[in-house]
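This is my_file.cif (mmCIF, C-alpha atoms).
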```
data_final
#
loop_
_atom_site.label_atom_id
_atom_site.label_comp_id
_atom_site.auth_asym_id
_atom_site.auth_seq_id
_atom_site.Cartn_x
_atom_site.Cartn_y
_atom_site.Cartn_z
CA MET A 75 28.85 37.82 -62.56
CA GLU A 76 30.85 37.49 -59.47
CA SER A 77 31.77 34.96 -56.92
CA GLU A 78 29.75 34.62 -53.74
CA LYS A 79 33.06 35.21 -51.99
CA GLY A 80 34.29 37.45 -54.73
CA SER A 81 36.14 40.67 -54.78
CA SER A 82 34.41 44.00 -54.75
CA THR A 83 36.57 45.17 -57.60
CA ASN A 84 35.12 42.48 -59.82
CA LEU A 85 31.67 43.13 -58.37
CA SER A 86 31.82 46.78 -59.29
CA THR A 87 33.14 45.82 -62.70
CA GLN A 88 30.05 43.85 -63.52
CA GLY A 89 27.45 46.07 -61.89
CA GLU A 90 28.49 49.26 -63.58
CA GLY A 91 29.11 47.87 -67.04
CA LEU A 92 25.55 46.93 -67.83
CA PHE A 93 24.21 50.32 -68.80
CA GLU A 94 25.91 52.90 -70.91
CA GLY A 95 27.54 55.82 -69.19
CA SER A 96 26.59 55.10 -65.60
CA VAL A 97 27.89 57.47 -62.95
CA GLU A 98 28.42 55.83 -59.59
CA ARG A 99 27.12 57.37 -56.40
CA THR A 100 29.44 58.47 -53.60
CA GLU A 101 28.48 55.72 -51.18
CA ASP A 102 29.17 53.05 -53.81
CA VAL A 103 32.70 54.38 -54.34
CA LYS A 104 33.31 54.22 -50.61
CA GLN A 105 32.06 50.64 -50.55
CA ALA A 106 34.44 49.71 -53.34
CA LEU A 107 37.36 51.37 -51.57
CA GLU A 108 36.64 49.50 -48.36
CA ASN A 109 36.52 46.13 -50.10
CA THR A 110 39.23 46.32 -52.73
CA ALA A 111 40.13 42.95 -54.23
CA PRO A 112 42.62 41.01 -52.09
CA LEU A 113 45.75 39.40 -53.34
CA PRO A 114 46.20 35.65 -52.74
CA ALA A 115 47.21 34.95 -49.19
CA SER A 116 50.81 34.16 -48.51
CA ALA A 117 52.26 32.04 -45.80
CA ALA A 118 53.67 35.13 -44.15
CA GLY A 119 50.34 36.71 -43.25
CA PRO A 120 46.88 37.84 -44.29
CA PRO A 121 46.13 39.02 -47.85
CA LYS A 122 46.89 42.61 -48.69
CA PRO A 123 44.47 44.80 -50.67
CA LEU A 124 45.19 45.41 -54.33
CA PRO A 125 45.31 49.20 -54.78
CA VAL A 126 43.28 50.86 -57.55
CA PRO A 127 45.41 53.27 -59.64
CA ASP A 128 42.70 55.95 -59.88
CA GLY A 129 44.67 57.63 -62.64
CA GLY A 130 47.87 57.36 -64.62
CA LEU A 131 48.53 56.81 -68.30
CA ASP A 132 47.31 53.20 -68.41
CA ALA A 133 44.06 54.06 -66.61
CA TRP A 134 43.19 56.98 -68.88
CA LEU A 135 44.00 54.89 -71.96
CA GLN A 136 41.28 52.50 -70.80
CA VAL A 137 38.88 55.45 -70.71
CA PHE A 138 39.94 56.42 -74.23
CA GLY A 139 39.41 52.87 -75.46
CA ALA A 140 36.00 52.63 -73.79
CA PHE A 141 35.08 56.01 -75.32
CA VAL A 142 35.86 54.61 -78.78
CA VAL A 143 33.82 51.48 -78.10
CA MET A 144 30.86 53.63 -77.05
CA MET A 145 31.07 55.46 -80.38
CA GLY A 146 30.98 52.17 -82.26
CA THR A 147 28.14 50.64 -80.24
CA TRP A 148 25.60 53.09 -78.80
CA GLY A 149 26.77 55.69 -81.33
CA LEU A 150 25.57 53.42 -84.14
CA VAL A 151 22.28 52.68 -82.38
CA ASN A 152 21.67 56.42 -81.99
CA THR A 153 22.42 56.88 -85.69
CA PHE A 154 19.71 54.56 -86.96
CA GLY A 155 17.21 57.38 -87.35
CA VAL A 156 18.89 58.53 -90.59
CA TYR A 157 18.90 54.95 -91.88
CA GLN A 158 15.22 54.57 -90.98
CA THR A 159 14.38 57.59 -93.13
CA TYR A 160 16.59 56.47 -96.02
CA TYR A 161 15.18 52.94 -96.02
CA GLU A 162 11.58 54.18 -95.98
CA THR A 163 12.12 56.67 -98.79
CA ASP A 164 14.56 54.75 -100.98
CA LEU A 165 16.21 51.34 -100.51
CA LEU A 166 13.36 49.56 -98.66
CA ARG A 167 10.40 51.74 -99.63
CA THR A 168 8.24 48.64 -100.21
CA SER A 169 8.67 47.66 -96.54
CA THR A 170 6.54 49.08 -93.75
CA SER A 171 7.77 51.40 -91.01
CA SER A 172 7.35 48.61 -88.47
CA GLU A 173 9.43 46.16 -90.51
CA ILE A 174 12.24 48.68 -90.93
CA SER A 175 12.16 49.56 -87.24
CA TRP A 176 12.92 45.94 -86.39
CA ILE A 177 16.40 46.45 -87.85
CA GLY A 178 17.38 49.22 -85.45
CA SER A 179 15.53 47.81 -82.46
CA LEU A 180 17.14 44.39 -82.94
CA GLN A 181 20.54 46.07 -83.04
CA GLY A 182 19.88 47.91 -79.76
CA ALA A 183 18.32 44.88 -78.06
CA LEU A 184 21.24 42.61 -78.91
CA LEU A 185 23.61 45.27 -77.58
CA MET A 186 22.02 45.07 -74.13
CA ILE A 187 20.94 41.43 -73.97
CA GLY A 188 24.40 40.46 -75.19
CA GLY A 189 25.70 41.51 -71.79
CA LEU A 190 24.20 38.34 -70.35
CA VAL A 191 26.77 36.42 -72.41
CA SER A 192 29.71 38.81 -72.51
CA GLY A 193 29.53 39.38 -68.73
CA PRO A 194 30.38 35.80 -67.71
CA LEU A 195 32.98 35.58 -70.49
CA PHE A 196 34.58 38.77 -69.20
CA ASP A 197 34.58 37.20 -65.73
CA ALA A 198 36.35 34.17 -67.14
CA GLY A 199 39.19 36.29 -68.55
CA TYR A 200 38.22 36.52 -72.23
CA PHE A 201 38.25 40.31 -72.48
CA ARG A 202 40.61 40.59 -75.44
CA CYS A 203 38.80 37.83 -77.35
CA LEU A 204 35.48 39.60 -76.78
CA THR A 205 36.93 42.92 -77.92
CA ALA A 206 38.47 41.51 -81.10
CA ALA A 207 35.37 39.49 -82.01
CA GLY A 208 33.03 42.40 -81.28
CA LEU A 209 34.99 44.91 -83.33
CA PHE A 210 35.19 42.47 -86.23
CA LEU A 211 31.44 41.84 -86.22
CA VAL A 212 30.59 45.56 -86.08
CA VAL A 213 32.89 46.52 -88.94
CA PHE A 214 32.07 43.41 -91.00
CA GLY A 215 28.34 44.01 -90.47
CA LEU A 216 28.60 47.58 -91.74
CA PHE A 217 30.53 46.51 -94.85
CA MET A 218 27.90 43.84 -95.52
CA THR A 219 25.15 46.44 -95.00
CA SER A 220 26.69 48.52 -97.77
CA LEU A 221 26.13 45.59 -100.16
CA CYS A 222 22.53 44.91 -99.17
CA GLU A 223 19.63 45.25 -101.57
CA THR A 224 16.75 43.50 -99.79
CA TYR A 225 15.09 43.82 -96.38
CA TYR A 226 16.29 40.52 -94.95
CA GLN A 227 19.86 41.21 -96.03
CA VAL A 228 19.80 44.50 -94.12
CA LEU A 229 18.14 42.82 -91.12
CA LEU A 230 20.89 40.19 -90.91
CA ALA A 231 23.81 42.53 -91.60
CA GLN A 232 22.88 45.72 -89.71
CA GLY A 233 20.47 44.25 -87.17
CA VAL A 234 21.98 40.88 -86.25
CA CYS A 235 25.68 41.08 -87.15
CA VAL A 236 26.31 44.63 -85.93
CA GLY A 237 24.03 44.04 -82.91
CA LEU A 238 25.92 40.91 -81.84
CA GLY A 239 29.22 42.77 -82.17
CA CYS A 240 27.91 45.60 -80.01
CA GLY A 241 26.71 43.08 -77.42
CA LEU A 242 30.19 41.56 -77.13
CA LEU A 243 31.85 44.97 -76.83
CA PHE A 244 29.68 47.13 -74.63
CA LEU A 245 29.64 45.49 -71.20
CA PRO A 246 33.33 44.47 -71.02
CA SER A 247 34.62 47.84 -72.23
CA ALA A 248 32.61 49.69 -69.60
CA ALA A 249 33.24 47.13 -66.86
CA ILE A 250 37.01 47.28 -67.16
CA LEU A 251 37.05 50.90 -65.95
CA SER A 252 36.10 49.77 -62.45
CA GLN A 253 39.43 47.98 -62.24
CA TYR A 254 41.31 51.25 -62.77
CA PHE A 255 39.20 53.86 -60.94
CA ALA A 256 37.57 54.22 -57.50
CA ARG A 257 37.42 57.83 -56.27
CA ARG A 258 37.50 59.17 -59.83
CA ARG A 259 35.26 56.49 -61.27
CA ALA A 260 32.35 58.88 -61.88
CA LEU A 261 34.59 61.13 -63.96
CA ALA A 262 35.95 58.19 -65.91
CA LEU A 263 32.52 56.77 -66.67
CA GLY A 264 31.20 60.21 -67.54
CA LEU A 265 33.96 60.78 -70.09
CA GLN A 266 33.49 57.30 -71.49
CA SER A 267 29.75 57.79 -71.93
CA VAL A 268 30.19 60.88 -74.11
CA GLY A 269 31.31 58.56 -76.91
CA SER A 270 27.71 57.46 -77.41
CA PRO A 271 26.12 60.84 -78.24
CA LEU A 272 29.27 61.94 -80.06
CA GLY A 273 28.91 58.99 -82.41
CA GLY A 274 25.22 59.84 -82.71
CA ILE A 275 26.21 63.39 -83.69
CA VAL A 276 28.99 62.61 -86.17
CA PHE A 277 27.73 59.53 -88.01
CA PRO A 278 24.32 60.93 -89.08
CA VAL A 279 26.02 64.02 -90.49
CA ILE A 280 28.53 61.87 -92.39
CA PHE A 281 25.81 59.67 -93.85
CA SER A 282 23.43 62.49 -94.78
CA ARG A 283 26.18 64.56 -96.44
CA LEU A 284 27.82 61.69 -98.34
CA GLU A 285 24.81 59.61 -99.41
CA PRO A 286 23.53 62.10 -102.05
CA ARG A 287 27.07 62.42 -103.47
CA ILE A 288 28.57 58.94 -103.41
CA GLY A 289 25.53 56.76 -102.69
CA PHE A 290 24.29 54.63 -99.80
CA ALA A 291 26.94 51.93 -100.19
CA TRP A 292 30.00 54.14 -99.95
CA ALA A 293 28.50 56.41 -97.30
CA THR A 294 28.07 53.33 -95.10
CA ARG A 295 31.58 52.11 -95.97
CA VAL A 296 33.06 55.43 -94.90
CA ILE A 297 31.55 54.94 -91.42
CA ALA A 298 32.88 51.37 -91.41
CA PHE A 299 36.38 52.53 -92.36
CA ILE A 300 36.31 55.15 -89.58
CA LEU A 301 35.42 52.48 -87.02
CA LEU A 302 38.05 50.15 -88.47
CA GLY A 303 40.72 52.80 -87.88
CA LEU A 304 39.45 53.60 -84.39
CA ALA A 305 39.47 49.89 -83.51
CA VAL A 306 43.23 50.12 -83.07
CA VAL A 307 42.74 52.05 -79.81
CA PRO A 308 40.86 49.41 -77.77
CA LEU A 309 42.81 46.55 -79.33
CA VAL A 310 46.18 48.04 -78.43
CA PHE A 311 45.56 49.77 -75.11
CA MET A 312 42.68 48.09 -73.29
CA ARG A 313 43.53 45.20 -70.96
CA PRO A 314 42.24 43.97 -67.58
CA ARG A 315 44.47 44.46 -64.55
CA VAL A 316 42.98 41.87 -62.17
CA ALA A 317 42.85 38.10 -62.53
CA PRO A 318 39.43 36.51 -63.16
CA PRO A 319 37.71 35.01 -60.08
CA LYS A 320 37.57 31.28 -59.55
CA GLN A 321 33.79 31.23 -59.24
CA LYS A 322 31.28 32.74 -61.65
CA ARG A 323 28.02 34.52 -60.89
CA ALA A 324 24.58 32.99 -61.28
CA PHE A 325 22.37 34.32 -64.06
CA ILE A 326 19.25 34.61 -61.86
CA ASP A 327 18.84 35.85 -58.30
CA ARG A 328 15.62 34.12 -57.27
CA THR A 329 15.28 36.20 -54.11
CA ALA A 330 14.83 39.32 -56.26
CA LEU A 331 11.68 37.84 -57.77
CA ARG A 332 10.06 37.94 -54.32
CA GLU A 333 10.86 41.64 -53.71
CA PRO A 334 8.09 44.08 -54.79
CA PRO A 335 10.48 47.06 -55.29
CA PHE A 336 12.66 45.06 -57.68
CA LEU A 337 9.69 43.76 -59.67
CA SER A 338 8.24 47.26 -59.85
CA TYR A 339 11.59 48.57 -61.07
CA CYS A 340 11.76 45.98 -63.86
CA GLY A 341 8.21 46.74 -64.96
CA ALA A 342 8.86 50.49 -64.95
CA GLY A 343 12.01 50.03 -67.02
CA LEU A 344 10.11 47.89 -69.51
CA PHE A 345 7.52 50.62 -70.14
CA ALA A 346 9.96 53.53 -70.07
CA PHE A 347 12.39 52.11 -72.61
CA MET A 348 9.58 50.91 -74.86
CA GLY A 349 8.80 54.50 -75.82
CA LEU A 350 12.15 56.14 -75.17
CA TYR A 351 13.68 55.69 -78.62
CA VAL A 352 10.61 56.42 -80.75
CA PRO A 353 11.63 60.08 -81.34
CA PHE A 354 15.16 58.96 -82.26
CA PHE A 355 13.75 56.71 -84.99
CA TYR A 356 10.87 58.85 -86.25
CA LEU A 357 11.51 62.55 -85.62
CA GLN A 358 13.36 63.01 -88.90
CA LEU A 359 10.62 61.27 -90.88
CA TYR A 360 8.01 63.33 -89.02
CA SER A 361 9.77 66.59 -89.92
CA LEU A 362 10.00 65.58 -93.58
CA HIS A 363 6.33 64.58 -93.73
CA TYR A 364 5.19 67.92 -92.34
CA LYS A 365 7.81 69.79 -94.41
CA ILE A 366 9.35 71.31 -91.28
CA VAL A 367 12.91 70.98 -92.56
CA PRO A 368 14.39 70.45 -96.05
CA GLY A 369 15.38 66.90 -96.88
CA ASP A 370 19.13 67.56 -96.63
CA LEU A 371 18.77 69.01 -93.13
CA GLY A 372 16.54 66.33 -91.62
CA ALA A 373 19.46 64.23 -90.41
CA TYR A 374 20.64 67.09 -88.23
CA LEU A 375 17.63 66.52 -85.97
CA VAL A 376 19.20 63.22 -84.89
CA THR A 377 22.37 65.18 -84.23
CA VAL A 378 20.47 67.67 -82.04
CA LEU A 379 18.89 64.79 -80.08
CA ASN A 380 22.32 63.36 -79.36
CA ALA A 381 23.77 66.77 -78.50
CA GLY A 382 21.15 67.18 -75.78
CA SER A 383 21.95 63.68 -74.56
CA VAL A 384 25.55 64.68 -73.75
CA PHE A 385 24.41 66.96 -70.93
CA GLY A 386 21.70 64.52 -69.89
CA ARG A 387 24.31 61.90 -69.08
CA ILE A 388 26.33 64.13 -66.77
CA LEU A 389 24.14 66.65 -64.93
CA PRO A 390 21.37 64.30 -63.67
CA ASN A 391 23.95 61.83 -62.36
CA PHE A 392 25.69 64.63 -60.50
CA ALA A 393 22.39 65.67 -58.93
CA ALA A 394 21.59 62.04 -58.07
CA ASP A 395 24.42 62.02 -55.52
CA TYR A 396 22.39 64.52 -53.49
CA LEU A 397 18.74 63.82 -54.42
CA GLY A 398 18.82 60.05 -54.87
CA SER A 399 19.16 58.05 -58.07
CA MET A 400 15.63 56.64 -58.06
CA ASN A 401 14.13 60.09 -57.50
CA MET A 402 16.15 61.53 -60.38
CA LEU A 403 15.28 58.58 -62.64
CA ALA A 404 11.57 59.07 -61.96
CA ALA A 405 11.86 62.82 -62.58
CA MET A 406 13.79 62.38 -65.84
CA THR A 407 11.35 59.75 -67.13
CA LEU A 408 8.31 61.88 -66.34
CA GLY A 409 10.06 64.86 -67.91
CA ALA A 410 10.62 62.84 -71.09
CA ALA A 411 6.92 61.88 -71.03
CA VAL A 412 5.84 65.53 -70.74
CA LEU A 413 8.05 66.42 -73.70
CA ALA A 414 6.69 63.49 -75.71
CA PHE A 415 3.15 64.78 -75.11
CA GLY A 416 4.42 68.18 -76.23
CA TRP A 417 5.43 66.59 -79.55
CA PHE A 418 1.76 66.88 -80.55
CA GLY A 419 2.20 70.65 -80.84
CA VAL A 420 5.49 70.69 -82.78
CA HIS A 421 4.83 72.04 -86.28
CA ASN A 422 7.70 74.44 -87.04
CA LEU A 423 11.49 74.41 -87.20
CA ALA A 424 12.11 76.28 -83.93
CA GLY A 425 9.76 74.03 -81.98
CA THR A 426 11.29 70.90 -83.50
CA ILE A 427 14.83 71.91 -82.57
CA VAL A 428 13.82 72.81 -79.01
CA PHE A 429 11.94 69.52 -78.67
CA ALA A 430 14.91 67.52 -80.00
CA LEU A 431 17.39 69.25 -77.70
CA PHE A 432 15.35 68.83 -74.52
CA PHE A 433 14.11 65.34 -75.27
CA GLY A 434 17.72 64.33 -75.91
CA PHE A 435 18.64 65.71 -72.50
CA PHE A 436 15.96 63.70 -70.68
CA ASN A 437 16.75 60.65 -72.79
CA GLY A 438 20.36 60.82 -71.61
CA GLY A 439 19.23 60.90 -67.99
CA VAL A 440 16.84 57.97 -68.35
CA THR A 441 19.52 55.95 -70.11
CA SER A 442 22.36 56.60 -67.65
CA LEU A 443 20.65 56.60 -64.23
CA PRO A 444 19.38 52.97 -63.89
CA PRO A 445 22.70 51.45 -62.72
CA SER A 446 23.02 53.65 -59.64
CA ALA A 447 19.28 53.31 -58.95
CA ILE A 448 19.41 49.51 -58.84
CA VAL A 449 22.18 49.63 -56.21
CA ALA A 450 19.65 50.80 -53.60
CA LEU A 451 17.48 47.77 -54.39
CA THR A 452 20.31 45.29 -53.83
CA PRO A 453 20.74 44.40 -50.12
CA ASP A 454 23.49 41.88 -50.90
CA MET A 455 26.11 43.69 -52.98
CA SER A 456 27.65 40.38 -54.06
CA ARG A 457 24.51 39.89 -56.17
CA LEU A 458 24.58 43.32 -57.80
CA GLY A 459 25.85 42.08 -61.14
CA THR A 460 23.26 39.34 -61.29
CA ARG A 461 20.43 41.77 -60.62
CA MET A 462 21.80 44.17 -63.20
CA GLY A 463 21.73 41.37 -65.75
CA MET A 464 18.12 40.57 -64.91
CA VAL A 465 17.08 44.20 -65.36
CA PHE A 466 19.15 44.27 -68.53
CA ALA A 467 16.99 41.54 -70.05
CA PHE A 468 13.79 43.53 -69.40
CA ILE A 469 15.29 46.65 -70.96
CA GLY A 470 16.51 44.70 -73.98
CA VAL A 471 13.02 43.34 -74.65
CA ALA A 472 11.59 46.86 -74.39
CA VAL A 473 14.07 48.25 -76.90
CA LEU A 474 13.43 45.29 -79.20
CA VAL A 475 9.65 45.71 -79.44
CA GLY A 476 9.14 49.43 -78.73
CA THR A 477 9.93 51.07 -82.06
CA PRO A 478 8.42 48.25 -84.17
CA ILE A 479 5.15 48.71 -82.26
CA ALA A 480 5.36 52.42 -83.07
CA GLY A 481 6.01 51.52 -86.69
CA ALA A 482 3.00 49.19 -86.72
CA ILE A 483 0.86 52.07 -85.50
CA LEU A 484 2.25 54.26 -88.31
CA GLN A 485 0.99 52.17 -91.22
CA ASP A 486 0.79 55.18 -93.52
CA VAL A 487 3.24 58.09 -93.10
CA ASN A 488 0.76 60.40 -94.87
CA ASP A 489 -1.99 59.81 -92.29
CA ASP A 490 -1.94 62.55 -89.64
CA GLY A 491 -4.10 60.49 -87.30
CA LEU A 492 -1.59 57.64 -87.28
CA TRP A 493 1.22 60.06 -86.44
CA LYS A 494 -0.77 61.13 -83.40
CA GLY A 495 -1.11 57.48 -82.41
CA LEU A 496 2.66 56.99 -82.64
CA ILE A 497 3.32 60.04 -80.47
CA ALA A 498 0.69 58.95 -77.95
CA PHE A 499 2.32 55.51 -77.69
CA SER A 500 5.73 57.03 -76.91
CA ALA A 501 4.34 59.52 -74.39
CA ALA A 502 2.04 57.05 -72.63
CA THR A 503 4.69 54.36 -72.15
CA LEU A 504 7.15 56.91 -70.78
CA PHE A 505 4.51 58.26 -68.39
CA VAL A 506 3.66 54.78 -67.10
CA GLY A 507 7.36 54.07 -66.70
CA GLY A 508 7.86 57.27 -64.71
CA LEU A 509 4.98 56.41 -62.40
CA GLY A 510 6.47 52.96 -62.02
CA PHE A 511 9.76 54.41 -60.79
CA VAL A 512 7.83 56.56 -58.29
CA LEU A 513 6.05 53.43 -57.07
CA THR A 514 9.41 51.64 -56.81
CA GLU A 515 10.79 54.35 -54.53
CA LEU A 516 7.68 54.24 -52.33
CA LEU A 517 7.86 50.45 -52.03
CA HIS A 518 11.56 50.64 -51.26
CA VAL A 519 11.07 53.20 -48.48
CA ARG A 520 8.25 51.09 -47.05
CA GLN A 521 10.46 48.00 -47.13
CA LYS A 522 13.30 49.79 -45.34
CA LYS A 523 10.96 50.99 -42.59
CA ARG A 524 9.66 47.46 -42.09
CA GLN A 525 13.21 46.11 -41.85
CA ILE A 526 14.11 48.75 -39.24
CA LYS A 527 11.13 47.79 -37.10
CA GLU A 528 12.06 44.14 -37.30
#
```
Please express what this file holds, its structure, as structure tokens.
Amino acid sequence: MESEKGSSTNLSTQGEGLFEGSVERTEDVKQALENTAPLPASAAGPPKPLPVPDGGLDAWLQVFGAFVVMMGTWGLVNTFGVYQTYYETDLLRTSTSSEISWIGSLQGALLMIGGLVSGPLFDAGYFRCLTAAGLFLVVFGLFMTSLCETYYQVLLAQGVCVGLGCGLLFLPSAAILSQYFARRRALALGLQSVGSPLGGIVFPVIFSRLEPRIGFAWATRVIAFILLGLAVVPLVFMRPRVAPPKQKRAFIDRTALREPPFLSYCGAGLFAFMGLYVPFFYLQLYSLHYKIVPGDLGAYLVTVLNAGSVFGRILPNFAADYLGSMNMLAAMTLGAAVLAFGWFGVHNLAGTIVFALFFGFFNGGVTSLPPSAIVALTPDMSRLGTRMGMVFAFIGVAVLVGTPIAGAILQDVNDDGLWKGLIAFSAATLFVGGLGFVLTELLHVRQKKRQIKE
């Protein structure tokens, strides 16, 4: 993502944009302040540092624009649970749970893997082109979804088209904040990240309330029209403030592939994210099967999951400044695993709401902590963006295959034994992922001790 010589401002831009809602640790802010991007040298003397505004109207408008983008990207991914239930019970009832899950998982995977393309293009100075193209694809994909009648039409419109649009939007909109904030970057990224669960709260309610009254097509179009109106904010106000670097980053850091802590981290992330979104896709269907909630209230469970995620994106990151990002990531992942195992015993409304709220909290922590955790595994900060992109690819694969595997396990929604298999898959993968993060921290500490001795 960045030049070998490159500026730290651009470096921070790429590193922090890869995961939604990351909150940077204190030492990383100090590093950015010490190495602020230099202006071109003049004949009169050495280059002077380019100051970061750290506030002001323009800076906070970037936060507002990034907040809107988060609503239209991760907010839509977090909304798919209500579509999963509708497709299984109505529009695509002849398709299996696994086939329908591919729609949402493909959307989420393209959002993250798309950063491998949008990152270099952002580096090259194509931010506004990426924003316009991404917003168009998201809105166009939703309008096309409203016209769909078959499985493959929905897969192409909602899975591919919307997913590609999200992939073009997400990384650049988050990365640009690092050009405007240093000391207050954690606050800016925290406010920006709230757009994701807020979209996941609002859009399911809109769809579930409007679909019985005006039908699937117009309920989806209403969401598309909302995003079309909100698109004015990033298009008008968001713009980069630093010139693109002359050199571009490499896609692969081969030295990382010889470091056990990094490889352990990638493997842990693969397992953790494979089971992380299973409750988001299947909790509503589970509650309807066991008659825990009435049909018109099932969508609110997705809302509760996202409400818990709001706090999970802020509090764990705050604690990570004092306890360590990798330690917090391991704790949040294991906590999510414990809750997933507890899903076996959820059979009433109170238990379902408590489960949704707390699992949403731990989900928010697992989703937002990886960026600051990977910083500790990057000895050369000029390669931070590259390593983020490599981890990004692992996470994207996990999101792509995780929920379809769960759907393949659940071949019959009326079979209680298969529901237990789905829950066990989610819990087991999260538990393995949590242990993997613990192993990563141990390997990292061991590596640091060896380096000190040498």
Practice task
Could you check how far atom CA of Met218 of chain A sits from atom CA of Ala293 of chain A, in Å to one decimal?
Solution key: 12.7 Å
Practice task
Select, from A:Phe499, A:Tyr254, A:Phe290, A:Phe418, the residue with the minimum atom-to-atom distance to Asp164 of chain A, counting all atoms listed in the file.
Solution key: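 Result for the nearest residue to Asp164 of chain A: A:Phe290.
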Practice task
Go through A:Leu221, A:Leu516, A:Leu375, A:Cys240 and flag the residue nearest Gly425 of chain A, using only C-alpha atoms for the distances.
Solution key: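 Using only C-alpha atoms, the shortest distance to Gly425 of chain A belongs to A:Leu375.
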Practice task
Find the residue from A:Ile526, A:Val126, A:Ala342, A:Val420 that sits nearest to Val440 of chain A; use only C-alpha atoms when measuring.
Solution key: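 For Val440 of chain A, the nearest of the candidates is A:Ala342.
Atom CA of Ala414 of chain A is found 14.6 Å from atom CA of Gly476 of chain A.
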Practice task
Go ahead and compute the interatomic distance for atom CA of Gly188 of chain A and atom CA of Gly507 of chain A, in Å to one decimal.
Solution key: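 So the two atoms, atom CA of Gly188 of chain A and atom CA of Gly507 of chain A, lie 23.4 Å apart.
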Problem - Residue IDs satisfying the PyMOL selection byres ((chain A and resi 372) around 9), as number ranges by chain - result: A: 156, 282, 357-359, 361-362, 366-371, 373-376
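Nearest residue to Trp493 of chain A, choosing from A:Glu333, A:Met186, A:Pro353, A:Pro308 and counting only C-alpha atoms: A:Pro353.
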Exercise for the section: Have a look at A:Ser247, A:Thr224, A:Ser270, A:Ser442 and name the one nearest to Ala206 of chain A; count only C-alpha atoms. Expected result: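 Closest candidate: A:Ser247.
What the PyMOL selection byres ((chain A and resi 314) around 8) matches in the given file is Phe201, Ile250, Gln253, Met312, Arg313, Arg315, Val316 and Ala317 of chain A.
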Exercise for the section: Evaluate the PyMOL selection byres ((chain A and resi 131-144) around 8) on the structure here and hand back the selected residues as a VMD selection string. Expected result: chain A and resid 94 127 to 130 145 to 149 243 to 244 247 to 248 250 to 251 254 to 255 262 to 263 265 to 270 273 304 to 305 307 to 308 311 to 313
Would you output that residue set with C-alpha atoms, as a short mmCIF file (atom, residue, chain, number, x, y, z; two decimals), keeping the file's coordinate frame?
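Writing the result to result.cif gives the following:
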```cif
data_model
loop_
_atom_site.label_atom_id
_atom_site.label_comp_id
_atom_site.auth_asym_id
_atom_site.auth_seq_id
_atom_site.Cartn_x
_atom_site.Cartn_y
_atom_site.Cartn_z
CA GLU A 94 25.91 52.90 -70.91
CA PRO A 127 45.41 53.27 -59.64
CA ASP A 128 42.70 55.95 -59.88
CA GLY A 129 44.67 57.63 -62.64
CA GLY A 130 47.87 57.36 -64.62
CA MET A 145 31.07 55.46 -80.38
CA GLY A 146 30.98 52.17 -82.26
CA THR A 147 28.14 50.64 -80.24
CA TRP A 148 25.60 53.09 -78.80
CA GLY A 149 26.77 55.69 -81.33
CA LEU A 243 31.85 44.97 -76.83
CA PHE A 244 29.68 47.13 -74.63
CA SER A 247 34.62 47.84 -72.23
CA ALA A 248 32.61 49.69 -69.60
CA ILE A 250 37.01 47.28 -67.16
CA LEU A 251 37.05 50.90 -65.95
CA TYR A 254 41.31 51.25 -62.77
CA PHE A 255 39.20 53.86 -60.94
CA ALA A 262 35.95 58.19 -65.91
CA LEU A 263 32.52 56.77 -66.67
CA LEU A 265 33.96 60.78 -70.09
CA GLN A 266 33.49 57.30 -71.49
CA SER A 267 29.75 57.79 -71.93
CA VAL A 268 30.19 60.88 -74.11
CA GLY A 269 31.31 58.56 -76.91
CA SER A 270 27.71 57.46 -77.41
CA GLY A 273 28.91 58.99 -82.41
CA LEU A 304 39.45 53.60 -84.39
CA ALA A 305 39.47 49.89 -83.51
CA VAL A 307 42.74 52.05 -79.81
CA PRO A 308 40.86 49.41 -77.77
CA PHE A 311 45.56 49.77 -75.11
CA MET A 312 42.68 48.09 -73.29
CA ARG A 313 43.53 45.20 -70.96
#
```
For segment 166-225 of chain A versus segment 347-350 of chain A, which residues have an atom no more than 12 Å away, and what is each residue's nearest atom pair and distance in Å rounded to one decimal, using only C-alpha atoms, chain-then-number order, as JSON lines?
```
{"residue": "A:Ser179", "atom": "CA", "partner": "A:Met348", "partner_atom": "CA", "distance": 10.1}
{"residue": "A:Gly182", "atom": "CA", "partner": "A:Phe347", "partner_atom": "CA", "distance": 11.2}
{"residue": "A:Ala183", "atom": "CA", "partner": "A:Phe347", "partner_atom": "CA", "distance": 10.8}
```
Exercise for the section: Identify which of the residues A:Val212, A:Leu180, A:Leu337, A:Ile275 lies closest to Gly233 of chain A, counting only C-alpha atoms when measuring atom-to-atom distances. Expected result: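 Closest to Gly233 of chain A, using only C-alpha atoms: A:Leu180.
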